[in-house]
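A.B. asks: Just dropping this structure here.
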Amino acid sequence: MKTPLAFVLGLTLMTGVFAKRPADTQLQIDAFLKGKPGGVAVAWVDADGVAFFQSGKFSAKDPRAITPDTQFEIGSVTKVFTALLLAESERAGKVRRDDPVAKYLLPPDDKAQAALAKITLLSLTTHTSGLPRLPSDFPLLRGVISGNPYVRLKRADLTASLREEGPGAVVGRSVAYSNFGVSLLGEALGTAWQTSYAEALRTHVLAPLDLKSTLVALPGTPAAHELAPGHNAAGAPVANWEMDAYAPCGGLRSTARDLAKFLQAALGGEKAPLHAAFMATTTVQRAVEDMGGSIGLGWFITADEKRPIIWHNGGTGGYRTFVGFTRAEGGAAVAVLTNHEVSVDEIGLALLGGGTEPQKEIALSAETLAAYAGEYRASPKFAFKVTAENGALFVQATGQGKLALFASARDEFFLKEVEARISFTRDAAGKITGLVLHQNGGNLPAKRVE
């Protein structure tokens, strides 16, 4: 899944000599937007305060210009807000990070408590619970496709999935990204405060940070006048997403101005709002082997020892967001939001000086590409269809559009429209037996269907 900002906090919360904003910020976002509908909003935070950049308009039918106050869906950036709520809840004595999530979601005398005791609040925010990205009974995986697959799922659905998936989960083995897990965490935190997740987040995170344009888009939430419509990878308009029990993993809407406030607090000193919570969430918890970095509470942290970047991205059906910051060299932060289903991670990382070299594409013969064609099943109702057409390779997941694959090596491919890679696996005889989708720190395997 797949951020918000403003600058009321002032420079008194900042310390040190900050890194300076790259001079070509506007050129970068103009180039990104070329040929795409919608727009982009960027907030840059350093010692001089906040600088905003924007390009484009709401949509082909709505010529309003994108501004710092334009609202976007920020998807999985919501997860770091949920992590802040965990840190604040622990500071206030409402929870302990080692508490089992079942303590808050099931009756105390429930027979499932013992089997689920291993799944702690900490394991959920660090994606080490062993729970899948989505439970096997999730509508998308059962072939029930209706635009937004999250909207109708309520707390009862979430706890039923926990009973089903939890006993067999292997906790602590690896970092495996889980929307399901963070949603459980958010619901548990709401219970700890004797209210809903949305109300607990508003009271203990959004209000202290003065984020007045950031909200949890629950079912029935009216679209704000400043909410820019989303667009899919093909550029077509899509309906907005709303979430109930899955809101803690991706249900926030926000603006560049609000996210600037958020990032100022993240970089601020001891007098900054939620300072202790930000420090707790950005403390390394464990390595993330396949990404070459580490994870805190919710946040991912790059492996660069001299200039580590603390970041998270997000995406829904029509939006992409990147939020990141570094405390090195005095500190700098950036948020990038777009109402188009194309990753903005590369822009965000590049602006912070932590961008990686673009993956280099190699040419493979049409015969070689044809060998990868086939159906790869991740679950009974969710599969990847790989096709070879006119010397090119494409992948299409259940209920999603077709995307081009680009070879970086034998059996290794990357996508340009989304931030993801696909590796094909072979048996001892060299026969292609499956694929693995690498995305957002998680790995989703799928077996080839003969």
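Letters A, B, ... mark the chains of the structure tokens in the order given; residue numbers begin at 1 per chain; ligand numbers begin at 1, in order shown.
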For the contact check between segment 60-163 of chain A and segment 190-194 of chain A, emit one row per residue of segment 60-163 of chain A within 10 Å, containing the shortest atom pair and the distance in Å rounded to one decimal, counting only C-alpha atoms, chain then rising number order, as JSON lines.
C.D. replies:
```
{"residue": "A:Leu85", "atom": "CA", "partner": "A:Gly190", "partner_atom": "CA", "distance": 9.4}
{"residue": "A:Leu86", "atom": "CA", "partner": "A:Gly190", "partner_atom": "CA", "distance": 9.9}
{"residue": "A:Ser89", "atom": "CA", "partner": "A:Ala192", "partner_atom": "CA", "distance": 8.0}
{"residue": "A:Gly93", "atom": "CA", "partner": "A:Ala192", "partner_atom": "CA", "distance": 9.7}
{"residue": "A:Lys94", "atom": "CA", "partner": "A:Ala192", "partner_atom": "CA", "distance": 5.9}
{"residue": "A:Val95", "atom": "CA", "partner": "A:Ala192", "partner_atom": "CA", "distance": 6.8}
{"residue": "A:Lys103", "atom": "CA", "partner": "A:Ala192", "partner_atom": "CA", "distance": 9.6}
{"residue": "A:Tyr104", "atom": "CA", "partner": "A:Thr191", "partner_atom": "CA", "distance": 6.1}
{"residue": "A:Leu105", "atom": "CA", "partner": "A:Thr191", "partner_atom": "CA", "distance": 7.6}
```
A.B. asks: When you look at segment 201-210 of chain A with a cut-off of 9 Å (counting only C-alpha atoms), what residues show up, excluding the ones that are within fewer than 6 positions of it in the same chain? I need them as number ranges by chain.
C.D. replies: A: 6, 8-9, 81-82, 84-85, 88-89, 186, 190, 216, 258, 261-262, 265, 272-274
A.B. asks: Any chance you can output those residues with N, CA and C atoms as a tab-separated table (two decimals), in the first residue's frame?
C.D. replies:
```tsv
chain	number	residue	atom	x	y	z
A	6	ALA	N	3.31	21.02	6.91
A	6	ALA	CA	3.12	22.48	7.15
A	6	ALA	C	4.27	23.09	7.93
A	8	VAL	N	4.40	25.38	10.96
A	8	VAL	CA	4.12	26.15	12.16
A	8	VAL	C	5.17	25.92	13.25
A	9	LEU	N	5.90	24.79	13.18
A	9	LEU	CA	6.81	24.43	14.27
A	9	LEU	C	7.99	25.40	14.38
A	81	PHE	N	2.70	6.29	10.99
A	81	PHE	CA	1.81	6.97	11.93
A	81	PHE	C	1.30	5.97	12.97
A	82	THR	N	0.96	4.77	12.51
A	82	THR	CA	0.53	3.73	13.45
A	82	THR	C	1.66	3.35	14.39
A	84	LEU	N	4.02	5.41	15.40
A	84	LEU	CA	4.09	6.51	16.37
A	84	LEU	C	3.04	6.35	17.46
A	85	LEU	N	1.85	5.89	17.06
A	85	LEU	CA	0.80	5.65	18.06
A	85	LEU	C	1.22	4.55	19.01
A	88	GLU	N	3.73	6.15	21.43
A	88	GLU	CA	3.04	7.03	22.38
A	88	GLU	C	2.22	6.21	23.37
A	89	SER	N	1.61	5.14	22.90
A	89	SER	CA	0.81	4.29	23.79
A	89	SER	C	1.70	3.63	24.83
A	186	GLY	N	-3.02	-1.66	14.76
A	186	GLY	CA	-3.82	-0.45	14.93
A	186	GLY	C	-5.11	-0.70	15.69
A	190	GLY	N	-6.22	0.95	19.39
A	190	GLY	CA	-7.50	1.61	19.65
A	190	GLY	C	-8.16	1.04	20.90
A	216	VAL	N	-8.15	9.90	8.66
A	216	VAL	CA	-8.36	8.50	8.37
A	216	VAL	C	-9.62	8.39	7.51
A	258	ASP	N	0.98	19.39	5.53
A	258	ASP	CA	0.93	18.60	6.77
A	258	ASP	C	2.15	17.71	6.91
A	261	LYS	N	5.10	19.51	8.40
A	261	LYS	CA	5.03	19.58	9.87
A	261	LYS	C	5.51	18.26	10.49
A	262	PHE	N	5.02	17.18	9.91
A	262	PHE	CA	5.39	15.85	10.38
A	262	PHE	C	6.90	15.66	10.33
A	265	ALA	N	8.90	17.73	12.87
A	265	ALA	CA	8.89	17.08	14.19
A	265	ALA	C	9.88	15.92	14.22
A	272	ALA	N	10.34	19.27	20.34
A	272	ALA	CA	9.44	19.01	19.22
A	272	ALA	C	8.31	18.07	19.65
A	273	PRO	N	7.13	18.21	19.06
A	273	PRO	CA	6.03	17.30	19.38
A	273	PRO	C	6.40	15.85	19.11
A	274	LEU	N	6.03	14.97	20.01
A	274	LEU	CA	6.24	13.53	19.88
A	274	LEU	C	7.71	13.16	19.69
```
A.B. asks: Please list as a PDB file with C-alpha atoms, in the first residue's frame every residue within 10 Å of Arg421 of chain A, counting only C-alpha atoms and excluding residues in the same chain fewer than 6 positions away.
C.D. replies:
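Output file around_34.pdb follows:
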```pdb
ATOM      1  CA  LEU A 405       9.119  -6.533 -17.269  1.00  0.00           C
ATOM      2  CA  PHE A 406      12.718  -5.524 -18.020  1.00  0.00           C
ATOM      3  CA  ALA A 407      15.621  -7.958 -17.670  1.00  0.00           C
ATOM      4  CA  SER A 408      18.600  -7.018 -15.494  1.00  0.00           C
ATOM      5  CA  GLU A 412      15.992 -11.264 -12.833  1.00  0.00           C
ATOM      6  CA  PHE A 413      13.521  -8.582 -13.972  1.00  0.00           C
ATOM      7  CA  PHE A 414      12.405  -5.185 -12.763  1.00  0.00           C
ATOM      8  CA  LEU A 415       9.375  -2.971 -13.348  1.00  0.00           C
ATOM      9  CA  VAL A 436       9.121 -14.317  -6.387  1.00  0.00           C
ATOM     10  CA  LEU A 437       7.753 -10.770  -6.267  1.00  0.00           C
ATOM     11  CA  HIS A 438      10.060  -8.455  -4.289  1.00  0.00           C
ATOM     12  CA  GLN A 439       8.243  -5.289  -3.186  1.00  0.00           C
ATOM     13  CA  ASN A 443       8.820 -11.427  -0.901  1.00  0.00           C
TER      14      ASN A 443
END
```
A.B. asks: Can you list every residue in segment 280-407 of chain A that DSSP puts in alpha helix (DSSP H), as a PyMOL selection string?
C.D. replies: chain A and resi 280-281+345-351+366-370
A.B. asks: Take the residues from that selection and put them in a file with C-alpha atoms, as a PDB file, in the first residue's frame.
C.D. replies:
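Saved result, selection.pdb, follows:
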```
ATOM      1  CA  ALA A 280      11.645   5.257  19.499  1.00  0.00           C
ATOM      2  CA  THR A 281      10.272   4.508  16.033  1.00  0.00           C
ATOM      3  CA  ASP A 345      10.609   6.608  -4.527  1.00  0.00           C
ATOM      4  CA  GLU A 346      13.449   7.402  -6.922  1.00  0.00           C
ATOM      5  CA  ILE A 347      12.704  11.145  -6.714  1.00  0.00           C
ATOM      6  CA  GLY A 348      12.566  11.113  -2.913  1.00  0.00           C
ATOM      7  CA  LEU A 349      15.760   9.130  -2.462  1.00  0.00           C
ATOM      8  CA  ALA A 350      17.602  11.192  -5.068  1.00  0.00           C
ATOM      9  CA  LEU A 351      16.633  14.470  -3.377  1.00  0.00           C
ATOM     10  CA  ALA A 366      12.567 -13.676 -27.885  1.00  0.00           C
ATOM     11  CA  GLU A 367      13.134 -17.415 -27.379  1.00  0.00           C
ATOM     12  CA  THR A 368      14.569 -16.850 -23.894  1.00  0.00           C
ATOM     13  CA  LEU A 369      11.681 -14.565 -22.906  1.00  0.00           C
ATOM     14  CA  ALA A 370       9.106 -17.054 -24.169  1.00  0.00           C
TER      15      ALA A 370
END
```
A.B. asks: So which one's closest to Val344 of chain A, A:Val386, A:Val45, A:Ile74, A:Ala260? Using only C-alpha atoms, please.
C.D. replies: A:Ile74
A.B. asks: Give me the residues near Thr425 of chain A as number ranges by chain, where near means some atom within 10 Å (using only C-alpha atoms) and where sequence neighbours in that chain fewer than 5 positions away do not count.
C.D. replies: A: 411-412, 430-436, 445-448
A.B. asks: The selected residues should be written to file as an mmCIF file, in the first residue's frame (atoms: C-alpha atoms).
C.D. replies:
```cif
data_model
loop_
_atom_site.group_PDB
_atom_site.id
_atom_site.type_symbol
_atom_site.label_atom_id
_atom_site.label_comp_id
_atom_site.auth_asym_id
_atom_site.auth_seq_id
_atom_site.Cartn_x
_atom_site.Cartn_y
_atom_site.Cartn_z
ATOM 1 C CA ASP A 411 15.907 -14.794 -14.318
ATOM 2 C CA GLU A 412 15.992 -11.264 -12.833
ATOM 3 C CA GLY A 430 17.156 -25.796 -14.924
ATOM 4 C CA LYS A 431 13.391 -25.840 -15.415
ATOM 5 C CA ILE A 432 11.525 -22.654 -14.404
ATOM 6 C CA THR A 433 9.342 -23.596 -11.437
ATOM 7 C CA GLY A 434 8.148 -20.305 -9.969
ATOM 8 C CA LEU A 435 8.667 -16.629 -9.364
ATOM 9 C CA VAL A 436 9.121 -14.317 -6.387
ATOM 10 C CA PRO A 445 6.474 -16.549 -3.953
ATOM 11 C CA ALA A 446 4.279 -18.117 -6.634
ATOM 12 C CA LYS A 447 4.499 -21.606 -8.113
ATOM 13 C CA ARG A 448 4.287 -22.188 -11.843
#
```
A.B. asks: Mind giving me the straight-line distance from atom CA of Leu131 of chain A to atom CA of Leu106 of chain A in Å, one decimal?
C.D. replies: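 Going from atom CA of Leu131 of chain A over to atom CA of Leu106 of chain A, I get 17.3 Å.
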A.B. asks: Could you give me, as a ChimeraX atom specification, each residue of segment 155-377 of chain A that DSSP assigns to strand (DSSP E or B) when run on this structure's backbone?
C.D. replies: /A:215-216,227,230-231,237-238,252-255,286-288,293-295,300-301,310-315,320-326,332-338,374-377
A.B. asks: Given the selection you just returned, output its residues as a file containing N, CA and C atoms, formatted as a compact mmCIF listing (two decimals), in the first residue's frame.
C.D. replies:
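Printed below is part.txt as written:
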```
# COMPACT_ATOMS: atom_id res chain seq x y z
N LEU A 215 -6.32 12.87 7.67
CA LEU A 215 -7.46 12.16 8.26
C LEU A 215 -7.46 10.70 7.86
N VAL A 216 -8.15 9.90 8.66
CA VAL A 216 -8.36 8.50 8.37
C VAL A 216 -9.62 8.39 7.51
N LEU A 227 -9.12 17.21 -2.30
CA LEU A 227 -8.63 15.86 -2.61
C LEU A 227 -8.51 15.69 -4.12
N GLY A 230 -7.42 10.21 -8.03
CA GLY A 230 -6.33 9.32 -8.38
C GLY A 230 -6.41 8.84 -9.81
N HIS A 231 -5.27 8.37 -10.33
CA HIS A 231 -5.17 7.82 -11.68
C HIS A 231 -4.37 6.52 -11.63
N PRO A 237 -8.83 7.70 -14.56
CA PRO A 237 -9.25 8.05 -13.19
C PRO A 237 -9.78 6.83 -12.45
N VAL A 238 -9.55 6.79 -11.14
CA VAL A 238 -10.02 5.68 -10.31
C VAL A 238 -10.73 6.23 -9.09
N LEU A 252 -4.77 6.68 5.49
CA LEU A 252 -4.66 8.13 5.67
C LEU A 252 -4.67 8.90 4.36
N ARG A 253 -5.23 10.11 4.43
CA ARG A 253 -5.11 11.12 3.38
C ARG A 253 -4.40 12.32 4.00
N SER A 254 -3.55 13.00 3.21
CA SER A 254 -2.82 14.11 3.76
C SER A 254 -2.35 15.06 2.67
N THR A 255 -1.62 16.09 3.06
CA THR A 255 -1.14 17.12 2.14
C THR A 255 0.37 17.31 2.32
N ARG A 286 16.10 -4.49 13.76
CA ARG A 286 16.79 -5.64 13.18
C ARG A 286 17.10 -5.38 11.71
N ALA A 287 18.00 -6.19 11.16
CA ALA A 287 18.37 -6.06 9.76
C ALA A 287 17.26 -6.59 8.86
N VAL A 288 17.18 -6.01 7.67
CA VAL A 288 16.27 -6.50 6.63
C VAL A 288 17.17 -7.05 5.52
N GLY A 293 19.34 -3.13 4.43
CA GLY A 293 19.21 -2.08 5.43
C GLY A 293 18.65 -2.64 6.71
N SER A 294 17.83 -1.87 7.39
CA SER A 294 17.26 -2.32 8.65
C SER A 294 15.86 -1.73 8.81
N ILE A 295 15.19 -2.12 9.89
CA ILE A 295 13.84 -1.63 10.16
C ILE A 295 13.78 -1.15 11.60
N PHE A 300 11.72 2.04 7.47
CA PHE A 300 12.87 1.35 6.90
C PHE A 300 14.07 2.31 6.94
N ILE A 301 15.27 1.76 7.08
CA ILE A 301 16.48 2.56 7.24
C ILE A 301 17.54 2.01 6.30
N ILE A 310 15.98 7.37 6.61
CA ILE A 310 14.83 6.75 7.27
C ILE A 310 13.62 7.05 6.39
N TRP A 311 12.91 6.02 5.94
CA TRP A 311 11.92 6.26 4.90
C TRP A 311 10.76 5.26 4.95
N HIS A 312 9.71 5.64 4.24
CA HIS A 312 8.62 4.71 3.92
C HIS A 312 7.92 5.24 2.69
N ASN A 313 7.36 4.33 1.92
CA ASN A 313 6.58 4.74 0.76
C ASN A 313 5.15 4.26 0.90
N GLY A 314 4.31 4.66 -0.04
CA GLY A 314 2.92 4.26 0.04
C GLY A 314 2.25 4.30 -1.32
N GLY A 315 1.20 3.53 -1.46
CA GLY A 315 0.46 3.53 -2.71
C GLY A 315 -0.91 2.93 -2.53
N ARG A 320 0.72 7.54 -5.25
CA ARG A 320 2.00 7.07 -4.72
C ARG A 320 2.61 8.18 -3.86
N THR A 321 3.31 7.79 -2.79
CA THR A 321 3.90 8.75 -1.86
C THR A 321 5.24 8.22 -1.37
N PHE A 322 6.16 9.13 -1.11
CA PHE A 322 7.43 8.81 -0.46
C PHE A 322 7.68 9.84 0.63
N VAL A 323 8.07 9.37 1.82
CA VAL A 323 8.45 10.25 2.92
C VAL A 323 9.78 9.74 3.47
N GLY A 324 10.75 10.64 3.60
CA GLY A 324 12.03 10.21 4.13
C GLY A 324 12.82 11.35 4.72
N PHE A 325 13.78 11.01 5.57
CA PHE A 325 14.63 12.05 6.15
C PHE A 325 15.95 11.43 6.59
N THR A 326 16.95 12.29 6.77
CA THR A 326 18.24 11.87 7.31
C THR A 326 18.65 12.86 8.37
N ALA A 332 17.89 16.67 6.88
CA ALA A 332 17.06 17.13 5.78
C ALA A 332 15.95 16.11 5.59
N ALA A 333 14.83 16.55 5.03
CA ALA A 333 13.68 15.66 4.87
C ALA A 333 12.90 16.04 3.62
N VAL A 334 12.19 15.07 3.07
CA VAL A 334 11.39 15.34 1.88
C VAL A 334 10.15 14.45 1.88
N ALA A 335 9.07 14.99 1.34
CA ALA A 335 7.86 14.22 1.07
C ALA A 335 7.49 14.47 -0.39
N VAL A 336 7.14 13.41 -1.10
CA VAL A 336 6.74 13.51 -2.50
C VAL A 336 5.40 12.79 -2.64
N LEU A 337 4.40 13.49 -3.18
CA LEU A 337 3.06 12.91 -3.34
C LEU A 337 2.59 13.10 -4.78
N THR A 338 1.96 12.09 -5.34
CA THR A 338 1.38 12.21 -6.67
C THR A 338 0.05 11.47 -6.72
N GLY A 374 3.75 -18.04 -18.73
CA GLY A 374 2.96 -19.03 -18.02
C GLY A 374 2.20 -18.42 -16.86
N GLU A 375 1.51 -19.26 -16.12
CA GLU A 375 0.76 -18.82 -14.95
C GLU A 375 1.50 -19.24 -13.69
N TYR A 376 1.61 -18.30 -12.75
CA TYR A 376 2.31 -18.53 -11.48
C TYR A 376 1.35 -18.22 -10.35
N ARG A 377 1.03 -19.23 -9.55
CA ARG A 377 -0.04 -19.08 -8.56
C ARG A 377 0.53 -18.88 -7.16
```
A.B. asks: Quick one, how far is atom CA of Thr120 of chain A from atom CA of Thr159 of chain A?
C.D. replies: 14.5 Å
A.B. asks: Provide the atom CA of Asp109 of chain A to atom CA of Glu164 of chain A distance in Å, to one decimal place.
C.D. replies: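 One can read the atom CA of Asp109 of chain A to atom CA of Glu164 of chain A distance as 17.9 Å.
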A.B. asks: Which one of A:Val175, A:Met243, A:Ala87, A:Leu122 sits closest to Ala198 of chain A if you count only C-alpha atoms?
C.D. replies: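 Nearest candidate to Ala198 of chain A out of A:Val175, A:Met243, A:Ala87, A:Leu122: A:Met243.
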A.B. asks: When you look at Leu153 of chain A with a cut-off of 10 Å (counting only C-alpha atoms), what residues show up, excluding the ones that are within fewer than 2 positions of it in the same chain? I need them as a CSV table (one decimal) with C-alpha atoms, in the first residue's frame.
C.D. replies:
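Result saved to selection-v9.csv:
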```csv
chain,number,residue,atom,x,y,z
A,138,PHE,CA,-8.8,-11.6,1.9
A,139,PRO,CA,-11.3,-10.7,-0.9
A,149,PRO,CA,-10.4,-4.6,-1.8
A,150,TYR,CA,-10.2,-3.2,1.7
A,151,VAL,CA,-13.3,-1.2,2.1
A,155,ARG,CA,-12.7,-5.8,12.9
A,156,ALA,CA,-14.6,-9.1,13.1
A,157,ASP,CA,-13.0,-10.1,9.7
A,158,LEU,CA,-9.6,-9.1,11.0
A,243,MET,CA,-10.9,1.5,4.8
A,244,ASP,CA,-12.3,0.2,8.1
A,245,ALA,CA,-10.3,-2.4,9.9
A,246,TYR,CA,-7.4,-2.1,7.5
A,247,ALA,CA,-7.1,1.7,8.0
```
A.B. asks: Can you work out which one of A:Arg91, A:Arg426, A:Lys271, A:Lys154 has the shortest atom-to-atom distance to Leu184 of chain A, counting only C-alpha atoms?
C.D. replies: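 For Leu184 of chain A, the nearest of the candidates is A:Lys154.
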A.B. asks: Please list as a list in words every residue within 8 Å of Ala233 of chain A, counting only C-alpha atoms and excluding residues in the same chain fewer than 6 positions away.
C.D. replies: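 Result of the neighbour search: Gly318, His340, Glu341, Val342, Gly401 and Glu417 of chain A.
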A.B. asks: Under the rule that only C-alpha atoms are counted, which of A:Leu211, A:Ala60, A:Met279, A:Ala41 is the nearest residue to Tyr319 of chain A?
C.D. replies: A:Ala41
